[in-house]
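Reproduced below: structure-v9.cif, with mmCIF, C-alpha atoms.
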```cif
data_input
loop_
_atom_site.label_atom_id
_atom_site.label_comp_id
_atom_site.auth_asym_id
_atom_site.auth_seq_id
_atom_site.Cartn_x
_atom_site.Cartn_y
_atom_site.Cartn_z
CA MET T 1 26.69 -18.40 1.24
CA GLN T 2 25.13 -15.40 2.95
CA PRO T 3 25.20 -15.22 6.77
CA LEU T 4 21.45 -15.76 7.15
CA ASN T 5 20.93 -18.44 4.52
CA GLY T 6 18.61 -21.06 6.01
CA ILE T 7 16.96 -18.64 8.46
CA PHE T 8 13.17 -18.48 8.03
CA VAL T 9 11.37 -15.34 9.24
CA LEU T 10 7.63 -14.85 9.74
CA ASP T 11 6.86 -11.15 9.42
CA PHE T 12 3.54 -10.02 10.92
CA SER T 13 4.57 -6.33 10.86
CA THR T 14 3.36 -3.46 8.70
CA LEU T 15 4.36 0.04 7.61
CA LEU T 16 8.00 0.85 8.48
CA PRO T 17 9.83 -0.44 11.60
CA GLY T 18 9.23 -4.18 11.26
CA PRO T 19 9.32 -4.33 7.46
CA LEU T 20 12.65 -2.47 7.38
CA ALA T 21 14.06 -4.84 10.00
CA THR T 22 13.01 -7.90 8.01
CA LEU T 23 14.27 -6.29 4.79
CA MET T 24 17.73 -6.19 6.33
CA LEU T 25 17.41 -9.85 7.32
CA ALA T 26 16.28 -10.70 3.79
CA GLU T 27 19.19 -8.80 2.25
CA ALA T 28 21.53 -10.89 4.42
CA GLY T 29 20.03 -14.12 3.06
CA ALA T 30 17.04 -14.90 5.29
CA GLU T 31 13.79 -16.17 3.79
CA VAL T 32 11.08 -13.71 4.87
CA LEU T 33 7.36 -14.43 4.62
CA LYS T 34 5.00 -11.50 5.12
CA ILE T 35 1.73 -12.42 6.81
CA GLU T 36 -0.90 -10.04 5.37
CA ARG T 37 -4.61 -9.49 5.90
CA PRO T 38 -6.93 -10.39 3.02
CA GLY T 39 -7.88 -7.73 0.54
CA GLN T 40 -5.74 -4.85 1.74
CA GLY T 41 -2.56 -6.44 3.02
CA ASP T 42 0.09 -4.22 4.60
CA GLU T 43 -1.40 -0.71 4.78
CA MET T 44 1.78 0.62 3.19
CA ARG T 45 0.61 -0.93 -0.11
CA SER T 46 -2.05 1.81 -0.37
CA TYR T 47 0.29 4.78 0.07
CA ALA T 48 1.27 7.15 -2.74
CA PRO T 49 3.07 7.36 -5.06
CA ARG T 50 2.41 3.98 -6.65
CA VAL T 51 4.24 1.92 -9.20
CA GLY T 52 1.59 -0.47 -10.43
CA PRO T 53 -0.96 -1.61 -7.85
CA ASP T 54 1.27 -1.02 -4.83
CA SER T 55 3.05 2.01 -3.40
CA ILE T 56 6.72 2.47 -4.10
CA ASN T 57 7.22 2.75 -0.32
CA PHE T 58 5.90 -0.77 0.15
CA GLN T 59 8.06 -2.10 -2.65
CA LEU T 60 11.22 -0.45 -1.33
CA LEU T 61 10.68 -1.96 2.13
CA ASN T 62 9.62 -5.45 1.06
CA ARG T 63 12.06 -6.45 -1.65
CA ARG T 64 13.12 -10.13 -1.60
CA LYS T 65 10.13 -11.21 0.53
CA GLN T 66 7.17 -13.52 0.03
CA SER T 67 3.52 -12.80 0.89
CA LEU T 68 0.84 -14.97 2.50
CA GLU T 69 -2.70 -13.60 2.66
CA ILE T 70 -4.58 -14.87 5.73
CA ASP T 71 -7.22 -13.61 8.16
CA LEU T 72 -5.64 -13.83 11.61
CA LYS T 73 -9.06 -13.40 13.25
CA ASP T 74 -10.40 -16.51 11.58
CA PRO T 75 -10.84 -19.38 14.10
CA GLY T 76 -8.67 -21.70 12.04
CA ALA T 77 -5.82 -19.27 11.40
CA VAL T 78 -3.50 -20.53 14.14
CA ALA T 79 -3.89 -24.13 13.03
CA ARG T 80 -3.07 -23.20 9.45
CA LEU T 81 -0.05 -21.17 10.53
CA THR T 82 1.28 -23.87 12.88
CA PRO T 83 3.41 -25.65 10.21
CA LEU T 84 5.10 -22.32 9.44
CA ILE T 85 5.64 -21.54 13.12
CA GLU T 86 7.17 -24.98 13.64
CA LYS T 87 9.90 -24.32 11.10
CA ALA T 88 10.40 -20.60 11.70
CA ASP T 89 13.57 -19.23 13.28
CA VAL T 90 12.32 -15.67 13.82
CA LEU T 91 8.89 -14.07 14.21
CA VAL T 92 8.53 -10.27 14.00
CA GLU T 93 5.32 -8.54 15.08
CA GLN T 94 4.40 -4.91 15.53
CA PHE T 95 0.96 -4.93 17.13
CA ARG T 96 0.22 -3.20 20.40
CA PRO T 97 0.78 -5.40 23.49
CA GLN T 98 -1.77 -8.22 23.97
CA VAL T 99 -3.04 -8.18 20.37
CA MET T 100 -1.05 -11.26 19.34
CA GLN T 101 -2.17 -12.99 22.55
CA ARG T 102 -5.81 -12.36 21.66
CA LEU T 103 -5.18 -13.88 18.24
CA GLY T 104 -3.71 -16.99 19.86
CA LEU T 105 -0.24 -16.07 18.59
CA GLY T 106 1.39 -14.58 21.69
CA TYR T 107 4.88 -15.62 22.70
CA GLU T 108 3.85 -18.21 25.27
CA ALA T 109 1.45 -19.82 22.80
CA VAL T 110 3.92 -20.08 19.92
CA ARG T 111 6.70 -21.12 22.28
CA THR T 112 4.80 -24.34 22.94
CA ILE T 113 4.83 -24.95 19.19
CA ASN T 114 8.48 -23.98 18.66
CA PRO T 115 10.67 -23.37 21.73
CA ARG T 116 13.59 -22.36 19.49
CA LEU T 117 11.67 -19.43 18.00
CA ILE T 118 13.06 -15.92 18.41
CA TYR T 119 9.98 -13.72 18.84
CA CYS T 120 10.58 -10.01 18.31
CA SER T 121 7.90 -7.50 19.35
CA ILE T 122 8.41 -3.94 18.09
CA THR T 123 6.20 -1.30 19.71
CA GLY T 124 6.29 2.39 20.40
CA TRP T 125 6.35 2.16 24.19
CA GLY T 126 7.30 -1.44 24.95
CA GLN T 127 5.39 -4.39 26.38
CA SER T 128 5.04 -2.84 29.84
CA GLY T 129 4.66 0.58 31.47
CA PRO T 130 1.87 3.18 31.67
CA LYS T 131 2.10 4.10 28.00
CA SER T 132 2.40 0.59 26.59
CA ALA T 133 -1.11 0.53 25.09
CA ALA T 134 -1.05 4.11 23.75
CA ALA T 135 -1.11 4.76 20.01
CA GLY T 136 1.77 6.71 18.56
CA HIS T 137 4.00 7.48 15.62
CA ASP T 138 7.60 8.58 15.17
CA LEU T 139 6.85 12.21 16.06
CA ASN T 140 5.21 11.17 19.33
CA TYR T 141 8.19 9.09 20.44
CA LEU T 142 10.58 11.96 19.67
CA ALA T 143 8.28 14.39 21.50
CA GLU T 144 7.94 12.32 24.66
CA THR T 145 11.63 11.46 24.99
CA GLY T 146 12.70 15.11 25.09
CA VAL T 147 14.53 14.93 21.78
CA LEU T 148 12.06 16.98 19.76
CA ALA T 149 12.23 19.86 22.25
CA LEU T 150 15.96 20.17 21.61
CA SER T 151 15.28 21.07 17.96
CA ALA T 152 13.42 24.30 18.74
CA GLY T 153 14.48 27.35 16.78
CA PRO T 154 14.60 31.01 17.91
CA ASP T 155 10.80 31.14 17.93
CA GLY T 156 10.68 28.26 20.41
CA ILE T 157 8.84 25.93 18.04
CA PRO T 158 10.47 22.50 17.60
CA SER T 159 11.43 21.68 14.04
CA LEU T 160 9.52 18.86 12.33
CA PRO T 161 12.11 16.11 11.75
CA PRO T 162 12.44 15.10 8.08
CA VAL T 163 13.60 11.58 8.94
CA LEU T 164 11.81 8.85 10.89
CA ALA T 165 14.51 8.45 13.51
CA ALA T 166 12.42 6.69 16.16
CA ASP T 167 10.94 4.16 13.74
CA ILE T 168 14.25 3.28 12.13
CA ALA T 169 17.00 3.97 14.65
CA GLY T 170 14.83 3.22 17.69
CA GLY T 171 12.90 0.32 16.17
CA SER T 172 14.27 -1.35 13.04
CA TYR T 173 17.96 -1.25 13.93
CA PRO T 174 17.63 -2.46 17.55
CA ALA T 175 15.31 -5.22 16.31
CA VAL T 176 17.93 -6.51 13.88
CA ILE T 177 20.74 -6.21 16.41
CA ASN T 178 18.84 -8.16 19.04
CA ILE T 179 17.57 -10.78 16.60
CA LEU T 180 21.16 -11.48 15.59
CA LEU T 181 22.22 -11.64 19.24
CA ALA T 182 19.33 -14.00 19.98
CA LEU T 183 20.32 -16.26 17.08
CA ARG T 184 23.81 -16.45 18.53
CA GLU T 185 22.42 -17.18 22.00
CA ARG T 186 20.25 -19.95 20.54
CA GLU T 187 23.37 -21.58 19.11
CA LEU T 188 24.66 -21.83 22.68
CA THR T 189 21.45 -22.72 24.54
CA GLY T 190 19.13 -24.23 21.95
CA GLN T 191 16.34 -21.95 23.18
CA GLY T 192 14.50 -19.04 21.65
CA THR T 193 13.46 -15.87 23.44
CA HIS T 194 11.05 -12.93 23.42
CA LEU T 195 12.56 -9.57 22.43
CA ASP T 196 10.80 -6.41 23.65
CA VAL T 197 11.91 -3.56 21.33
CA ALA T 198 10.47 -0.17 22.30
CA MET T 199 11.09 2.64 19.83
CA SER T 200 10.86 5.25 22.58
CA ASP T 201 13.58 3.48 24.58
CA GLY T 202 15.88 3.51 21.57
CA VAL T 203 15.51 7.24 21.03
CA PHE T 204 17.20 8.08 24.34
CA THR T 205 20.49 6.66 23.00
CA PHE T 206 20.72 9.58 20.58
CA ALA T 207 20.64 12.07 23.43
CA TYR T 208 23.67 10.60 25.20
CA TRP T 209 25.29 14.02 25.41
CA ALA T 210 22.15 15.52 26.95
CA LEU T 211 22.13 12.82 29.61
CA GLY T 212 25.81 13.47 30.24
CA ASN T 213 25.16 17.16 30.79
CA ALA T 214 22.36 16.36 33.19
CA VAL T 215 24.07 13.77 35.37
CA ALA T 216 27.59 15.20 35.40
CA ALA T 217 26.90 18.94 35.53
CA ASN T 218 23.27 18.99 36.71
CA ALA T 219 22.55 21.02 33.58
CA TRP T 220 19.53 19.78 31.68
CA PRO T 221 20.00 20.72 28.01
CA ARG T 222 18.12 23.61 26.41
CA SER T 223 17.18 24.11 22.78
CA GLY T 224 19.26 26.72 20.99
CA GLN T 225 21.79 27.03 23.80
CA GLU T 226 23.96 23.91 23.79
CA LEU T 227 26.88 22.83 21.65
CA LEU T 228 24.68 20.70 19.38
CA THR T 229 21.49 22.74 19.54
CA GLY T 230 22.65 26.11 18.22
CA GLY T 231 24.51 27.62 21.13
CA SER T 232 27.96 27.42 19.54
CA PRO T 233 29.41 29.02 16.40
CA ARG T 234 31.23 25.74 15.83
CA TYR T 235 28.03 23.81 15.09
CA GLN T 236 25.73 25.97 13.00
CA VAL T 237 23.96 26.33 9.69
CA TYR T 238 24.78 29.64 7.99
CA ARG T 239 23.02 31.24 5.00
CA THR T 240 25.08 32.11 1.90
CA ALA T 241 24.72 35.07 -0.45
CA ASP T 242 22.66 33.00 -2.92
CA HIS T 243 20.30 31.76 -0.19
CA ARG T 244 21.86 28.35 0.13
CA HIS T 245 23.42 27.15 3.36
CA VAL T 246 26.72 26.03 4.87
CA ALA T 247 26.62 23.33 7.53
CA ALA T 248 29.61 24.21 9.69
CA ALA T 249 30.86 21.73 12.28
CA PRO T 250 34.48 22.67 13.10
CA LEU T 251 34.14 21.46 16.68
CA GLU T 252 37.73 20.55 17.51
CA GLU T 253 40.27 23.32 17.91
CA LYS T 254 42.31 22.32 14.86
CA PHE T 255 39.25 22.46 12.62
CA TRP T 256 38.06 25.70 14.21
CA SER T 257 41.45 27.28 13.65
CA ASN T 258 41.40 26.27 9.97
CA PHE T 259 37.83 27.53 9.60
CA CYS T 260 38.64 30.91 11.16
CA ARG T 261 41.65 31.29 8.86
CA VAL T 262 39.67 30.44 5.71
CA ILE T 263 36.82 32.86 6.48
CA ASN T 264 39.22 35.46 7.94
CA LEU T 265 37.38 35.77 11.24
CA PRO T 266 38.81 38.59 13.40
CA GLU T 267 41.35 37.31 15.92
CA ALA T 268 39.38 38.63 18.89
CA LEU T 269 36.48 36.34 18.01
CA ARG T 270 38.48 33.13 17.59
CA SER T 271 39.03 32.49 21.30
CA PRO T 272 36.79 30.00 23.16
CA GLN T 273 36.17 32.82 25.64
CA ALA T 274 34.62 35.10 23.01
CA PRO T 275 30.85 35.62 23.46
CA ALA T 276 29.12 32.90 21.41
CA ALA T 277 26.31 35.14 20.18
CA ALA T 278 28.77 37.73 18.87
CA VAL T 279 30.86 35.08 17.12
CA ILE T 280 27.80 33.47 15.53
CA ALA T 281 26.61 36.85 14.25
CA GLN T 282 29.99 37.69 12.75
CA VAL T 283 30.44 34.29 11.10
CA ALA T 284 26.92 34.54 9.72
CA ALA T 285 27.73 37.91 8.17
CA ILE T 286 30.91 36.58 6.59
CA ILE T 287 29.25 33.47 5.16
CA ALA T 288 26.41 35.63 3.80
CA SER T 289 28.93 37.64 1.79
CA LYS T 290 29.69 34.84 -0.70
CA THR T 291 27.79 32.24 -2.69
CA ALA T 292 27.66 28.53 -1.92
CA ASP T 293 29.98 27.74 -4.82
CA GLU T 294 32.50 30.31 -3.61
CA TRP T 295 32.49 28.73 -0.16
CA ARG T 296 32.70 25.24 -1.63
CA ARG T 297 35.89 26.22 -3.41
CA ALA T 298 37.25 28.04 -0.36
CA PHE T 299 36.68 25.08 1.96
CA ALA T 300 37.96 22.41 -0.45
CA GLY T 301 40.93 20.54 1.06
CA GLN T 302 41.11 22.82 4.10
CA ASP T 303 40.01 20.38 6.86
CA VAL T 304 37.26 22.62 8.16
CA CYS T 305 34.36 20.13 8.52
CA CYS T 306 32.04 22.30 6.43
CA SER T 307 29.52 21.24 3.83
CA ILE T 308 27.20 22.94 1.41
CA VAL T 309 23.69 21.75 2.27
CA LEU T 310 22.53 19.59 -0.64
CA ASP T 311 18.95 18.95 -1.55
CA PHE T 312 17.94 15.31 -1.78
CA GLU T 313 18.24 15.14 -5.56
CA GLU T 314 21.78 16.54 -5.39
CA ALA T 315 22.72 14.10 -2.64
CA VAL T 316 21.52 11.02 -4.55
CA GLY T 317 23.47 12.10 -7.63
CA ASP T 318 26.56 13.25 -5.73
CA ALA T 319 29.85 11.91 -7.10
CA HIS T 320 30.69 10.30 -3.78
CA THR T 321 27.31 8.56 -3.57
CA VAL T 322 27.83 7.23 -7.09
CA ALA T 323 31.41 6.14 -6.40
CA ARG T 324 30.28 4.25 -3.29
CA ARG T 325 27.58 2.50 -5.35
CA VAL T 326 25.03 3.28 -2.66
CA PHE T 327 22.18 2.70 -5.09
CA GLU T 328 23.73 -0.25 -6.94
CA GLN T 329 20.97 -2.65 -5.86
CA GLN T 330 17.81 -2.46 -7.95
CA LEU T 331 14.11 -2.89 -7.39
CA GLN T 332 12.12 -4.56 -10.13
CA ALA T 333 8.67 -2.95 -10.23
CA GLU T 334 6.14 -3.34 -13.01
CA GLY T 335 8.79 -3.87 -15.66
CA GLN T 336 10.91 -0.99 -14.43
CA LEU T 337 14.30 -1.13 -12.73
CA LEU T 338 14.44 1.42 -9.91
CA PRO T 339 17.06 2.12 -7.23
CA ALA T 340 16.54 -0.16 -4.24
CA LEU T 341 16.49 1.18 -0.70
CA PRO T 342 20.05 1.24 0.71
CA VAL T 343 20.32 -0.75 3.93
CA PRO T 344 23.33 -1.04 6.28
CA ILE T 345 24.26 -4.57 5.26
CA SER T 346 27.83 -4.87 4.02
CA PRO T 347 28.16 -5.86 0.34
CA GLN T 348 29.96 -9.11 1.17
CA PHE T 349 26.88 -10.32 3.07
CA ARG T 350 24.35 -9.48 0.38
CA SER T 351 23.14 -11.46 -2.62
CA GLN T 352 25.10 -11.16 -5.83
CA GLU T 353 21.72 -10.92 -7.56
CA LEU T 354 21.37 -7.14 -7.60
CA CYS T 355 17.79 -7.02 -8.88
CA ALA T 356 14.80 -8.24 -6.84
CA LYS T 357 11.12 -7.40 -6.40
CA ALA T 358 8.50 -7.08 -3.68
CA PRO T 359 5.66 -9.63 -3.57
CA ARG T 360 2.13 -9.11 -4.75
CA LEU T 361 -0.45 -9.58 -2.00
CA GLY T 362 -0.92 -13.32 -1.44
CA GLU T 363 1.51 -14.16 -4.22
CA HIS T 364 2.83 -17.22 -2.40
CA ASP T 365 -0.42 -18.62 -0.98
CA ASP T 366 -0.49 -21.52 -3.41
CA ASP T 367 3.20 -22.29 -2.95
CA LEU T 368 2.67 -22.64 0.80
CA GLY T 369 -0.58 -24.57 0.53
CA ILE T 370 -2.27 -22.48 3.23
CA THR T 371 -5.80 -21.20 2.73
CA ARG T 372 -6.94 -17.76 3.83
CA GLU T 373 -10.03 -18.87 5.72
CA SER T 374 -11.47 -21.96 7.34
CA ALA T 375 -13.52 -24.23 5.14
CA PRO T 376 -17.28 -23.73 5.58
#
```

Just dump the structure as structure tokens.
Amino acid sequence: MQPLNGIFVLDFSTLLPGPLATLMLAEAGAEVLKIERPGQGDEMRSYAPRVGPDSINFQLLNRRKQSLEIDLKDPGAVARLTPLIEKADVLVEQFRPQVMQRLGLGYEAVRTINPRLIYCSITGWGQSGPKSAAAGHDLNYLAETGVLALSAGPDGIPSLPPVLAADIAGGSYPAVINILLALRERELTGQGTHLDVAMSDGVFTFAYWALGNAVAANAWPRSGQELLTGGSPRYQVYRTADHRHVAAAPLEEKFWSNFCRVINLPEALRSPQAPAAAVIAQVAAIIASKTADEWRRAFAGQDVCCSIVLDFEEAVGDAHTVARRVFEQQLQAEGQLLPALPVPISPQFRSQELCAKAPRLGEHDDDLGITRESAP
């Protein structure tokens, strides 16, 4: 038995935050039904690259789910969805505030149908506040929470993040956490609830140290000048002789001492009182004198908290990744077996069936006996 066996989830979300949240629920045993618009379905289906008719991105995010194709704007849509709402445990939606209300599927409306329903709304800015109706994507949420500004390099231009931190860590993960908390609360009270998950709210958690600087020392953080933004030699990326890079993070004194010994940094520059810019310049010169492989061998077993920066292909094939069986689960797509998307669900909670697929658009319409549109 998986922890979420018997939990039925209606997923009205698209693209990334909601679908990743419901993927995690599905991997823990929940039955997830995607509600998709006729013809196109989830917009992620149309992205590239594709494996068969749908994008690989869609298939990675929607493994183990079912699909129902229905026009939510049709006058009879709510009536046809009512039997599903009555038996659902969780509903996840990702529209801007008020959209579900206009469709007749807002929280108050569905609560009258099923008072035990846990209704999770994932938005960029939340259900209230001056920005609540504004459009946005991951980059916007990082920009307007001050996090993006902290990534600026020497030229003052913020670096474009290569990961969708706001969508996933500010949206998907808090959604799952709060859905699980709400399920536990329902066990105690018998009542459902409405969860307001704002991706922008969740981003602030990652800047805990910046908030600490501000409130304790009245020092608002600056890009390129703080411990974690490039102001310290103990948290830097240094170029090697063969134009690769060393990610050096010997923050604590014991690691810094080991690091200084291994690279043979002059004693005068090892002290915390040494000018940071001078230390960074000297360490950079030393690291630039050897290749990445030479530094890999030098750092091995030395407790220095240093890594050679791997490209994504190297990281996926890394011996540790393989030993941890990170990509053990498989995605069945058009006759191929591909690595499934790793999700932070412990192996003991996941299905023993390692291979699963994503649904075709409307694949389960007939099974559910629900038509797409009202009869003429």

* Of the residues T:Pro174, T:Gly52, T:Gly335, T:Gly156, which is the one nearest to Leu20 in chain T, using only C-alpha atoms? ->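 For Leu20 in chain T, the nearest of the given residues is T:Pro174.
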
* To do: Enumerate, as a PyMOL selection string, the residues matched when the PyMOL selection byres ((chain T and resi 333) around 8) is run on the file above.
  => chain T and resi 51-52+59+331-332+334-338+357-358

Starting from the shown file, work through the PyMOL selection byres ((chain T and resi 354) around 9) and note down what comes out as a PDB file with C-alpha atoms, keeping the file's coordinate frame.
```pdb
ATOM      1  CA  GLU T 328      23.730  -0.250  -6.940  1.00  0.00           C
ATOM      2  CA  GLN T 329      20.970  -2.650  -5.860  1.00  0.00           C
ATOM      3  CA  GLN T 330      17.810  -2.460  -7.950  1.00  0.00           C
ATOM      4  CA  LEU T 331      14.110  -2.890  -7.390  1.00  0.00           C
ATOM      5  CA  ARG T 350      24.350  -9.480   0.380  1.00  0.00           C
ATOM      6  CA  SER T 351      23.140 -11.460  -2.620  1.00  0.00           C
ATOM      7  CA  GLN T 352      25.100 -11.160  -5.830  1.00  0.00           C
ATOM      8  CA  GLU T 353      21.720 -10.920  -7.560  1.00  0.00           C
ATOM      9  CA  CYS T 355      17.790  -7.020  -8.880  1.00  0.00           C
ATOM     10  CA  ALA T 356      14.800  -8.240  -6.840  1.00  0.00           C
TER      11      ALA T 356
END
```

* Name every residue that the PyMOL selection byres ((chain T and resi 157-172) around 9) selects in this structure, writing the answer as a VMD selection string with chains first and numbers rising. => chain T and resid 16 to 22 24 122 to 124 137 to 139 141 to 142 148 to 156 173 to 177 197 to 206 223

* To do: Name the residues in contact with range 25-41 of chain T at a cut-off of 8 Å, using all atoms listed in the file, excluding same-chain residues fewer than 5 positions from it; report them as a ChimeraX atom specification.
  => /T:2-13,46,64-72,176,345,349-351,361-362,372

* Asked: In Å, with one decimal, what is the gap from CA of Val283 in chain T to CA of His320 in chain T?
  ->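 CA of Val283 in chain T sits 28.2 Å away from CA of His320 in chain T.
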
* To do: Please determine the residues with any atom at most 12 Å from (-0.3, -18.1, 21.5) (coordinates as given in the file, with all atoms listed in the file counting) and report them as a ChimeraX atom specification.
  => /T:77-79,81-82,85,98-114,119

* To do: Tell me which of T:Pro233, T:Ile118, T:Asn213, T:Ala315 sits closest to Thr193 in chain T, counting only C-alpha atoms.
  =>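 Closest candidate: T:Ile118.
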
* Do a neighbour search on Pro115 in chain T at 9 Å with all atoms listed in the file, toss out local chain neighbours closer than 6 positions, and write the hits as a list in words. => Glu86, Gly190, Gln191, Gly192 and Thr193 of chain T

* Atom pair CA of Leu227 in chain T / CA of Glu144 in chain T: separation (Å) ->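 Spanning CA of Leu227 in chain T to CA of Glu144 in chain T is a straight-line distance of 21.9 Å.
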
* Rounded to one decimal in Å, what is the spacing between CA of Asp303 in chain T and CA of Thr229 in chain T? ->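 That distance, rounded to one decimal, is 22.6 Å.
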
* To do: Name the residues in contact with Ala134 in chain T at a cut-off of 9 Å, using only C-alpha atoms, excluding same-chain residues fewer than 3 positions from it; report them as JSON, numbers by chain.
  => {"T": [96, 124, 125, 130, 131]}

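If only C-alpha atoms are the atoms counted, then among T:Cys305, T:Pro359, T:Ala249, T:Val90 the closest residue to Gln236 in chain T is T:Ala249.
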